[in-house]
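K.L.:
Got entry_28.tsv for you, TSV, C-alpha atoms:
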```tsv
chain	number	residue	atom	x	y	z
A	9	MET	CA	-2.93	19.69	-15.06
A	10	HIS	CA	-1.37	22.06	-12.56
A	11	PHE	CA	-1.25	21.86	-8.75
A	12	VAL	CA	0.95	22.69	-5.76
A	13	ILE	CA	1.09	20.17	-2.93
A	14	ASN	CA	2.53	19.77	0.56
A	15	ARG	CA	5.76	17.81	0.07
A	16	ASP	CA	5.52	15.59	3.19
A	17	GLN	CA	1.97	14.47	2.36
A	18	PHE	CA	2.98	13.80	-1.24
A	19	VAL	CA	6.06	11.75	-0.27
A	20	HIS	CA	4.00	9.75	2.23
A	21	SER	CA	1.34	8.90	-0.38
A	22	VAL	CA	3.85	8.16	-3.14
A	23	GLN	CA	5.70	5.72	-0.87
A	24	HIS	CA	2.44	3.92	-0.05
A	25	VAL	CA	1.28	3.46	-3.65
A	26	SER	CA	4.76	2.58	-4.94
A	27	LYS	CA	4.55	-0.61	-2.81
A	28	ALA	CA	2.05	-1.97	-5.35
A	29	VAL	CA	4.20	-1.17	-8.40
A	30	SER	CA	6.31	-4.00	-9.80
A	31	SER	CA	9.15	-3.55	-12.28
A	32	ARG	CA	8.46	-7.08	-13.56
A	33	THR	CA	5.05	-6.46	-15.08
A	34	THR	CA	3.98	-7.46	-18.58
A	35	ILE	CA	1.83	-4.31	-18.85
A	36	PRO	CA	4.21	-1.34	-19.41
A	37	ILE	CA	1.77	1.33	-18.10
A	38	LEU	CA	1.76	-0.44	-14.69
A	39	THR	CA	5.41	0.52	-14.12
A	40	GLY	CA	4.01	4.01	-13.52
A	41	ILE	CA	2.03	5.79	-10.80
A	42	LYS	CA	-1.20	7.46	-11.87
A	43	ILE	CA	-1.87	10.95	-10.52
A	44	VAL	CA	-5.32	12.53	-10.76
A	45	ALA	CA	-6.04	16.09	-9.58
A	46	ASP	CA	-9.58	17.39	-9.15
A	47	LYS	CA	-11.32	19.98	-6.97
A	48	ASP	CA	-11.33	17.62	-3.94
A	49	GLY	CA	-7.61	16.87	-3.98
A	50	VAL	CA	-5.03	14.54	-5.51
A	51	THR	CA	-5.41	10.77	-5.92
A	52	LEU	CA	-2.38	8.52	-6.53
A	53	THR	CA	-2.68	4.94	-7.77
A	54	GLY	CA	-0.12	2.13	-8.06
A	55	SER	CA	-0.88	-1.41	-9.25
A	56	ASP	CA	0.72	-4.64	-10.45
A	57	SER	CA	-2.70	-6.12	-11.37
A	58	ASN	CA	-2.64	-8.36	-8.25
A	59	ILE	CA	-2.40	-5.53	-5.71
A	60	SER	CA	-3.67	-1.98	-6.27
A	61	ILE	CA	-3.18	0.86	-3.80
A	62	GLU	CA	-5.00	4.18	-4.07
A	63	SER	CA	-4.02	7.07	-1.81
A	64	PHE	CA	-5.99	10.31	-1.58
A	65	ILE	CA	-4.64	13.67	-0.42
A	66	PRO	CA	-7.55	16.01	0.34
A	67	ALA	CA	-7.28	19.66	-0.71
A	68	GLU	CA	-7.87	20.64	2.92
A	69	GLU	CA	-7.56	18.76	6.17
A	70	GLU	CA	-8.25	20.20	9.63
A	71	ASP	CA	-8.30	23.75	8.20
A	72	LYS	CA	-4.87	23.23	6.68
A	73	GLU	CA	-4.45	23.56	2.92
A	74	LEU	CA	-2.55	20.53	1.58
A	75	VAL	CA	-3.19	20.93	-2.15
A	76	LYS	CA	-3.89	23.95	-4.32
A	77	ILE	CA	-5.41	22.91	-7.65
A	78	MET	CA	-4.96	25.40	-10.51
A	79	GLU	CA	-6.04	23.02	-13.27
A	80	PRO	CA	-7.50	19.52	-12.88
A	81	GLY	CA	-6.15	16.62	-14.96
A	82	SER	CA	-4.24	13.34	-14.80
A	83	ILE	CA	-0.89	11.79	-15.76
A	84	VAL	CA	1.08	8.55	-15.28
A	85	LEU	CA	4.77	8.92	-14.27
A	86	GLN	CA	7.47	6.23	-14.16
A	87	ALA	CA	7.45	5.02	-10.56
A	88	LYS	CA	11.15	4.12	-10.51
A	89	PHE	CA	12.30	7.72	-11.07
A	90	PHE	CA	9.32	9.61	-9.71
A	91	THR	CA	9.42	8.07	-6.19
A	92	GLU	CA	13.15	8.81	-5.81
A	93	ILE	CA	12.81	12.37	-7.14
A	94	VAL	CA	9.90	13.27	-4.84
A	95	LYS	CA	11.79	11.96	-1.79
A	96	LYS	CA	14.82	14.12	-2.55
A	97	LEU	CA	13.15	17.38	-3.57
A	98	PRO	CA	14.38	20.29	-1.41
A	99	GLY	CA	11.33	22.50	-0.74
A	100	ASP	CA	8.25	22.20	1.51
A	101	GLN	CA	5.95	22.44	-1.52
A	102	ILE	CA	6.02	20.60	-4.85
A	103	GLU	CA	4.53	22.11	-8.00
A	104	VAL	CA	3.37	19.67	-10.69
A	105	VAL	CA	2.58	20.93	-14.20
A	106	VAL	CA	1.57	18.77	-17.18
A	107	GLN	CA	1.71	20.25	-20.69
A	108	ASP	CA	1.09	18.79	-24.15
A	109	GLN	CA	2.31	15.30	-25.02
A	110	PHE	CA	2.31	14.40	-21.30
A	111	ALA	CA	5.45	16.48	-20.67
A	112	THR	CA	5.56	16.94	-16.89
A	113	THR	CA	7.50	19.44	-14.77
A	114	LEU	CA	8.17	19.01	-11.05
A	115	ARG	CA	9.38	22.11	-9.21
A	116	SER	CA	10.45	22.37	-5.60
A	117	GLY	CA	12.81	24.93	-4.10
A	118	SER	CA	15.42	25.58	-6.77
A	119	ALA	CA	15.12	22.11	-8.35
A	120	VAL	CA	13.25	21.56	-11.62
A	121	PHE	CA	12.70	18.09	-13.11
A	122	ASN	CA	11.21	17.57	-16.57
A	123	LEU	CA	9.76	14.08	-16.99
A	124	ASN	CA	8.09	12.28	-19.88
A	125	GLY	CA	4.68	11.08	-18.71
A	126	LEU	CA	2.45	8.31	-20.07
A	127	ASP	CA	-1.17	8.47	-21.23
A	128	PRO	CA	-3.44	8.14	-18.15
A	129	GLU	CA	-6.28	6.81	-20.35
A	130	GLU	CA	-4.29	3.59	-20.84
A	131	TYR	CA	-4.12	2.97	-17.09
A	132	PRO	CA	-6.46	0.11	-16.05
A	133	ARG	CA	-9.50	1.09	-13.97
A	134	LEU	CA	-9.58	-0.11	-10.39
A	135	PRO	CA	-12.17	-2.80	-9.65
A	136	GLN	CA	-15.60	-1.52	-8.66
A	137	ILE	CA	-16.53	-3.37	-5.50
A	138	GLU	CA	-20.05	-3.86	-4.17
A	139	GLU	CA	-19.90	-3.37	-0.44
A	140	GLN	CA	-22.03	-6.19	0.94
A	141	ASN	CA	-19.71	-8.34	3.07
A	142	ILE	CA	-17.96	-5.85	5.36
A	143	ILE	CA	-16.01	-6.53	8.53
A	144	ARG	CA	-14.32	-3.88	10.67
A	145	VAL	CA	-11.05	-4.57	12.45
A	146	PRO	CA	-8.79	-2.26	14.48
A	147	GLN	CA	-5.62	-1.61	12.45
A	148	ASP	CA	-3.21	-2.85	15.12
A	149	LEU	CA	-5.21	-6.09	15.52
A	150	LEU	CA	-5.18	-6.70	11.77
A	151	LYS	CA	-1.43	-6.06	11.66
A	152	ASN	CA	-0.95	-8.56	14.47
A	153	MET	CA	-3.14	-11.20	12.81
A	154	ILE	CA	-1.08	-10.89	9.64
A	155	ARG	CA	2.21	-11.13	11.57
A	156	GLN	CA	1.04	-14.22	13.44
A	157	THR	CA	-0.06	-16.17	10.36
A	158	VAL	CA	1.58	-14.97	7.13
A	159	PHE	CA	5.00	-16.49	7.93
A	160	ALA	CA	3.47	-19.98	7.59
A	161	VAL	CA	2.24	-19.63	3.99
A	162	SER	CA	3.85	-21.85	1.38
A	163	THR	CA	6.62	-20.45	-0.82
A	164	GLN	CA	6.13	-23.23	-3.38
A	165	GLU	CA	3.96	-22.40	-6.39
A	166	THR	CA	3.00	-26.09	-6.83
A	167	ARG	CA	-0.18	-25.48	-4.79
A	168	PRO	CA	-0.88	-21.79	-5.36
A	169	VAL	CA	-3.79	-21.67	-2.87
A	170	LEU	CA	-1.35	-22.42	-0.01
A	171	THR	CA	0.69	-19.26	-0.79
A	172	GLY	CA	-2.15	-17.28	0.80
A	173	VAL	CA	-3.86	-16.83	4.16
A	174	ASN	CA	-7.41	-18.17	4.41
A	175	LEU	CA	-10.07	-15.96	6.02
A	176	GLU	CA	-13.30	-17.33	7.46
A	177	ILE	CA	-15.96	-15.58	9.45
A	178	GLU	CA	-18.59	-17.17	11.64
A	179	ASN	CA	-20.59	-15.66	14.55
A	180	SER	CA	-18.61	-12.40	14.16
A	181	GLU	CA	-15.35	-14.30	14.73
A	182	LEU	CA	-12.64	-13.90	12.11
A	183	ILE	CA	-10.34	-16.90	11.70
A	184	CYS	CA	-7.09	-16.53	9.74
A	185	THR	CA	-5.25	-19.71	8.78
A	186	ALA	CA	-1.96	-20.26	6.95
A	187	THR	CA	-0.33	-23.58	6.15
A	188	ASP	CA	2.42	-24.91	3.88
A	189	SER	CA	1.28	-28.51	4.61
A	190	HIS	CA	4.15	-29.01	7.14
A	191	ARG	CA	2.99	-26.41	9.64
A	192	LEU	CA	-0.13	-24.41	10.34
A	193	ALA	CA	-0.70	-21.07	12.06
A	194	MET	CA	-4.16	-19.97	13.14
A	195	ARG	CA	-5.34	-16.72	14.73
A	196	LYS	CA	-8.88	-15.84	15.78
A	197	ALA	CA	-10.47	-12.52	16.77
A	198	VAL	CA	-13.94	-11.15	17.35
A	199	VAL	CA	-14.67	-8.38	14.83
A	200	GLU	CA	-17.49	-6.01	13.89
A	201	THR	CA	-19.65	-6.94	10.89
A	202	ASN	CA	-22.32	-5.03	8.99
A	203	ASP	CA	-24.57	-8.09	9.29
A	204	PRO	CA	-24.51	-10.31	12.44
A	205	GLU	CA	-25.44	-13.31	10.26
A	206	LEU	CA	-22.46	-12.74	7.92
A	207	THR	CA	-20.46	-15.90	7.17
A	208	PHE	CA	-17.85	-16.58	4.52
A	209	SER	CA	-15.04	-19.05	4.00
A	210	ASN	CA	-12.36	-19.86	1.44
A	211	VAL	CA	-11.32	-16.20	1.07
A	212	VAL	CA	-7.61	-16.69	0.36
A	213	ILE	CA	-5.47	-13.54	0.25
A	214	PRO	CA	-1.95	-13.91	-1.23
A	215	GLY	CA	0.76	-13.76	1.45
A	216	LYS	CA	2.61	-11.14	-0.62
A	217	SER	CA	-0.45	-8.84	-0.55
A	218	LEU	CA	-0.73	-9.14	3.23
A	219	ASN	CA	2.98	-8.38	3.71
A	220	GLU	CA	2.53	-5.17	1.70
A	221	LEU	CA	-0.70	-4.33	3.52
A	222	SER	CA	0.96	-4.60	6.93
A	223	LYS	CA	3.49	-1.95	5.81
A	224	VAL	CA	0.73	0.63	5.19
A	225	VAL	CA	-1.48	-0.26	8.18
A	226	GLU	CA	-0.67	1.80	11.26
A	227	ASP	CA	-0.29	0.73	14.90
A	228	SER	CA	-3.51	2.43	15.96
A	229	ASN	CA	-6.88	1.15	17.10
A	230	GLU	CA	-8.67	3.04	14.32
A	231	LEU	CA	-10.97	0.71	12.43
A	232	ILE	CA	-10.22	-0.53	8.94
A	233	ASP	CA	-13.06	-1.77	6.70
A	234	VAL	CA	-12.47	-5.11	4.99
A	235	VAL	CA	-14.79	-5.68	2.00
A	236	VAL	CA	-14.88	-9.17	0.50
A	237	THR	CA	-16.18	-10.13	-2.95
A	238	GLU	CA	-15.77	-13.28	-5.02
A	239	SER	CA	-12.46	-12.35	-6.60
A	240	GLN	CA	-11.21	-9.29	-4.68
A	241	VAL	CA	-10.71	-8.01	-1.17
A	242	LEU	CA	-10.59	-4.30	-0.37
A	243	PHE	CA	-9.09	-2.77	2.78
A	244	LYS	CA	-10.35	0.77	3.36
A	245	LEU	CA	-8.32	3.12	5.54
A	246	LYS	CA	-8.95	6.81	6.06
A	247	ASN	CA	-7.42	8.12	2.81
A	248	LEU	CA	-6.16	4.85	1.40
A	249	LEU	CA	-7.70	1.95	-0.52
A	250	PHE	CA	-5.81	-1.35	-0.77
A	251	PHE	CA	-7.17	-3.89	-3.28
A	252	SER	CA	-5.90	-7.44	-3.64
A	253	ARG	CA	-7.09	-10.21	-5.88
A	254	LEU	CA	-7.96	-13.47	-4.14
A	255	LEU	CA	-6.35	-16.81	-4.94
A	256	ASP	CA	-8.38	-19.39	-6.83
A	257	GLY	CA	-8.80	-22.91	-5.56
A	258	LYS	CA	-10.21	-24.70	-2.54
A	259	TYR	CA	-8.33	-24.11	0.69
A	260	PRO	CA	-7.85	-27.36	2.66
A	261	VAL	CA	-10.23	-27.91	5.59
A	262	THR	CA	-7.87	-27.50	8.53
A	263	LYS	CA	-10.27	-27.87	11.47
A	264	ASN	CA	-10.09	-31.68	11.33
A	265	MET	CA	-6.27	-31.68	11.40
A	266	ILE	CA	-5.99	-30.42	14.96
A	267	PRO	CA	-5.73	-33.29	17.47
A	268	SER	CA	-8.01	-33.00	20.50
A	269	ASN	CA	-6.27	-35.50	22.80
A	270	SER	CA	-2.64	-35.82	23.90
A	271	LYS	CA	-0.28	-38.50	25.21
A	272	THR	CA	2.52	-36.16	26.25
A	273	ASP	CA	2.48	-32.46	26.99
A	274	PHE	CA	4.64	-29.81	28.65
A	275	VAL	CA	4.61	-26.10	29.44
A	276	ILE	CA	7.87	-24.25	28.80
A	277	LYS	CA	9.13	-20.67	28.92
A	278	THR	CA	9.06	-19.25	25.39
A	279	LYS	CA	12.32	-17.29	25.33
A	280	PRO	CA	14.71	-19.93	26.77
A	281	PHE	CA	13.11	-22.59	24.53
A	282	LEU	CA	13.50	-20.35	21.47
A	283	GLN	CA	17.18	-19.69	22.30
A	284	THR	CA	17.87	-23.40	22.85
A	285	LEU	CA	16.38	-24.25	19.44
A	286	GLU	CA	18.37	-21.45	17.78
A	287	ARG	CA	21.60	-22.89	19.24
A	288	ALA	CA	20.65	-26.40	18.09
A	289	LEU	CA	20.06	-25.09	14.57
A	290	LEU	CA	23.60	-23.72	14.36
A	291	LEU	CA	24.83	-27.17	13.34
A	292	SER	CA	21.92	-28.31	11.19
A	293	LYS	CA	21.80	-25.26	8.89
A	294	GLU	CA	23.98	-27.12	6.39
A	295	GLY	CA	21.35	-29.84	6.06
A	296	LYS	CA	18.30	-28.77	4.10
A	297	ASN	CA	15.68	-29.85	6.63
A	298	ASN	CA	16.79	-28.15	9.90
A	299	VAL	CA	16.06	-31.33	11.89
A	300	ILE	CA	16.07	-31.07	15.67
A	301	ASN	CA	15.39	-34.02	18.00
A	302	LEU	CA	13.46	-33.63	21.23
A	303	LYS	CA	13.31	-36.17	24.06
A	304	THR	CA	11.41	-35.93	27.34
A	305	LEU	CA	13.39	-37.01	30.42
A	306	GLU	CA	12.43	-37.44	34.08
A	307	ASP	CA	11.40	-34.50	36.29
A	308	GLY	CA	10.21	-32.38	33.37
A	309	LEU	CA	13.64	-32.11	31.70
A	310	ILE	CA	13.62	-31.81	27.91
A	311	GLU	CA	16.67	-32.82	25.88
A	312	ILE	CA	17.27	-31.09	22.55
A	313	THR	CA	19.85	-32.53	20.13
A	314	SER	CA	20.90	-31.85	16.59
A	315	ILE	CA	23.39	-33.89	14.58
A	316	THR	CA	25.03	-33.12	11.26
A	317	PRO	CA	27.44	-35.99	10.52
A	318	GLU	CA	30.03	-33.83	8.70
A	319	VAL	CA	29.90	-31.00	11.27
A	320	GLY	CA	29.17	-32.39	14.72
A	321	LYS	CA	26.50	-32.69	17.39
A	322	VAL	CA	24.88	-30.38	19.94
A	323	THR	CA	22.99	-31.50	23.06
A	324	GLU	CA	21.25	-29.23	25.54
A	325	LYS	CA	18.82	-29.90	28.39
A	326	ILE	CA	16.13	-27.41	29.32
A	327	GLN	CA	13.73	-27.51	32.27
A	328	SER	CA	10.02	-27.34	31.49
A	329	GLU	CA	7.57	-25.62	33.88
A	330	LYS	CA	5.45	-28.76	34.04
A	331	ALA	CA	5.28	-31.99	32.06
A	332	ASN	CA	2.78	-34.87	31.86
A	333	GLY	CA	2.30	-38.13	30.01
A	334	GLU	CA	4.40	-40.78	28.31
A	335	GLU	CA	8.10	-40.53	27.48
A	336	LEU	CA	8.54	-39.13	23.97
A	337	ARG	CA	11.17	-38.88	21.27
A	338	ILE	CA	10.27	-36.75	18.28
A	339	SER	CA	12.08	-34.98	15.43
A	340	PHE	CA	10.90	-31.80	13.75
A	341	ASN	CA	11.94	-28.91	11.54
A	342	GLY	CA	13.47	-26.53	14.11
A	343	LYS	CA	13.09	-23.45	11.93
A	344	ASN	CA	9.29	-23.89	11.80
A	345	ILE	CA	9.04	-23.98	15.61
A	346	ILE	CA	11.36	-20.97	15.92
A	347	ASP	CA	9.18	-18.96	13.49
A	348	ALA	CA	6.12	-19.71	15.62
A	349	LEU	CA	7.82	-18.93	18.96
A	350	LYS	CA	8.82	-15.53	17.61
A	351	VAL	CA	5.19	-14.47	17.07
A	352	VAL	CA	3.32	-16.03	20.01
A	353	ASP	CA	3.65	-12.90	22.25
A	354	CYS	CA	3.39	-14.96	25.43
A	355	GLU	CA	5.90	-15.87	28.16
A	356	GLU	CA	5.02	-19.56	28.23
A	357	VAL	CA	3.78	-22.03	25.63
A	358	HIS	CA	1.94	-25.30	26.03
A	359	ILE	CA	2.98	-28.07	23.60
A	360	THR	CA	0.88	-31.23	23.23
A	361	PHE	CA	1.90	-34.42	21.41
A	362	THR	CA	-0.18	-37.44	20.37
A	363	GLY	CA	2.81	-39.58	19.40
A	364	ALA	CA	6.19	-39.49	17.67
A	365	MET	CA	4.73	-39.58	14.15
A	366	SER	CA	1.60	-37.46	14.65
A	367	PRO	CA	1.21	-33.69	14.27
A	368	PHE	CA	1.70	-31.74	17.51
A	369	VAL	CA	0.20	-28.47	18.75
A	370	LEU	CA	1.80	-25.38	20.29
A	371	HIS	CA	-0.27	-22.62	21.83
A	372	PRO	CA	0.25	-19.76	24.30
A	373	THR	CA	-0.78	-20.50	27.89
A	374	GLU	CA	-2.37	-17.07	28.38
A	375	HIS	CA	-5.08	-17.19	25.71
A	376	ASP	CA	-6.68	-19.55	23.21
A	377	TYR	CA	-6.95	-17.41	20.07
A	378	THR	CA	-3.59	-18.48	18.60
A	379	LEU	CA	-2.60	-22.01	17.64
A	380	HIS	CA	0.31	-23.61	15.76
A	381	LEU	CA	0.39	-27.14	14.39
A	382	PHE	CA	3.50	-28.99	13.13
A	383	SER	CA	4.23	-32.23	11.34
A	384	PRO	CA	7.12	-34.23	12.77
A	385	VAL	CA	10.03	-35.30	10.57
A	386	ARG	CA	10.83	-38.96	9.98
A	387	THR	CA	14.53	-39.46	10.76
A	388	TYR	CA	14.83	-43.22	10.28
```
Let me see whether you can do it: turn the structure in this file into structure tokens.

P.N.:
Amino acid sequence: MHFVINRDQFVHSVQHVSKAVSSRTTIPILTGIKIVADKDGVTLTGSDSNISIESFIPAEEEDKELVKIMEPGSIVLQAKFFTEIVKKLPGDQIEVVVQDQFATTLRSGSAVFNLNGLDPEEYPRLPQIEEQNIIRVPQDLLKNMIRQTVFAVSTQETRPVLTGVNLEIENSELICTATDSHRLAMRKAVVETNDPELTFSNVVIPGKSLNELSKVVEDSNELIDVVVTESQVLFKLKNLLFFSRLLDGKYPVTKNMIPSNSKTDFVIKTKPFLQTLERALLLSKEGKNNVINLKTLEDGLIEITSITPEVGKVTEKIQSEKANGEELRISFNGKNIIDALKVVDCEEVHITFTGAMSPFVLHPTEHDYTLHLFSPVRTY
């Protein structure tokens, strides 16, 4: 194999695919990045068997030559060294030559690196996906949907299915849900589908996969194709394919959890409320459960307190925009509410309670496509 490639394009692609490579894999070949050169261009692949990323650099783009292929071929190079070397090479072009026994030379400017490659035949093939269930989402919307849900996935492996975000589609509406059984984040959006009748549910994508995906998705309104099969999901960008395996197991039915009535509710400005909770948490960080107590007072005042016996107590009153219903005292995990307030993207939030020991709902006042649900904490 022998080719010369534009350095910036190469670095960009190598950084994308290296996100899928894990140093803690049981399959040694997966610690490498696979490079394939053919007449169309160069394809790079990285995988840890859960996530696979394939990036393609075309030989020509917009009348600009990006790759010059002298001899087609393939090689696998150790990702740990290869990614660092490519980033630091001095020239505008990088020449890659593979000789016998997978001996590989990288040349750029006056720098020459000789690396020992691995046999590309041993590299696992990427899954072949039948493209039947396709939805199309603008990249920036997808990025936002991930940001507004993925923080609520469970970090405990005791129920693996909760470490992912559940995707459902009905009437061309995509619903993303994440829960760790103490809190729930839900985000809806209308999307394009290849079939107006398309419905699916229980498509659970690992939170880790979505975090990596959001690093390669751009803040543009270009569409990204999402292809769903029984065990895999594929995100197709212009010159990039991102595969993730899906989590096994039945995702809990969350629709029934959301209370429809309320006994107490108030509307409050997001930023001041967030800052009040952050101050209250300063004393309860020592305790494991981040408990904050909330009490409604007259004239729409809300009292926030937090007590850690060994450290001290904090009390702060904050004015709500409007408040209705019965007087309420409730305790909750402050960190969970803070996480939600950071992603709501709205100046005011509406919080509704059905009682001191029942789950309560937080949603933005400006739209109804985001919703957060929290379980209270028993403090007595």

K.L.:
Please determine, counting all atoms listed in the file, which residue among A:Ser366, A:Thr185, A:Asn301, A:Ser314 has the shortest atom-to-atom distance to Thr272 (chain A).

P.N.:
A:Ser366

K.L.:
Pick out the residues sitting within 7 Å of region 77-81 of chain A, and hand them over as a list in words; count all atoms listed in the file, and ignore anything fewer than 6 positions along from it in its own chain.

P.N.:
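The residues satisfying every condition are Met9, His10, Phe11, Val12, Val44, Ala45, Asp46 and Lys47 of chain A.
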
K.L.:
Rank nothing, just name the residue among A:Ser55, A:Gln327, A:Asn229, A:Thr316 nearest to Leu150 (chain A), using all atoms listed in the file.

P.N.:
A:Asn229

K.L.:
Please measure the separation of CA of Val106 (chain A) and CA of Ala67 (chain A), giving the value in Å to one decimal.

P.N.:
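Going from CA of Val106 (chain A) over to CA of Ala67 (chain A) covers 18.7 Å.
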
K.L.:
List as a ChimeraX atom specification the protein and nucleic acid residues near Glu73 (chain A), meaning an atom at most 12 Å away when only C-alpha atoms are counted, but skip any in the same chain fewer than 3 places from it.

P.N.:
/A:12-14,17,48-49,65-70,76-77,101

K.L.:
With distances taken over only C-alpha atoms, which residue among A:Arg337, A:Thr207, A:Val94, A:Leu126 lies nearest Gln107 (chain A)?

P.N.:
A:Leu126

K.L.:
Could you check which of A:Thr34, A:Ser82, A:Asn297, A:Asn174 is closest to Lys258 (chain A), using all atoms listed in the file?

P.N.:
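Of the candidates, the smallest distance to Lys258 (chain A) is held by A:Asn174.
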
K.L.:
Using all atoms listed in the file, which protein or nucleic acid residues come within 8 Å of Lys151 (chain A)? Drop anything in the same chain fewer than 5 positions from it, and give the result as a VMD selection string.

P.N.:
chain A and resid 222 225 to 227

K.L.:
Compare A:Thr201, A:Asn264, A:Thr51, A:Ser339 by their minimum atom-to-atom distance to Val234 (chain A), counting only C-alpha atoms, and give me the closest one.

P.N.:
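Of A:Thr201, A:Asn264, A:Thr51, A:Ser339, the one nearest Val234 (chain A) is A:Thr201, counting only C-alpha atoms.
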
K.L.:
What does the distance from CA of Ser31 (chain A) to CA of Thr91 (chain A) come to in Å, to one decimal?

P.N.:
13.1 Å

K.L.:
For a quick check of understanding, using only C-alpha atoms, which of A:Val105, A:Leu123, A:Ala193, A:Ala288 has the smallest distance to Leu379 (chain A)?

P.N.:
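Checking each of A:Val105, A:Leu123, A:Ala193, A:Ala288 against Leu379 (chain A), counting only C-alpha atoms, the winner is A:Ala193.
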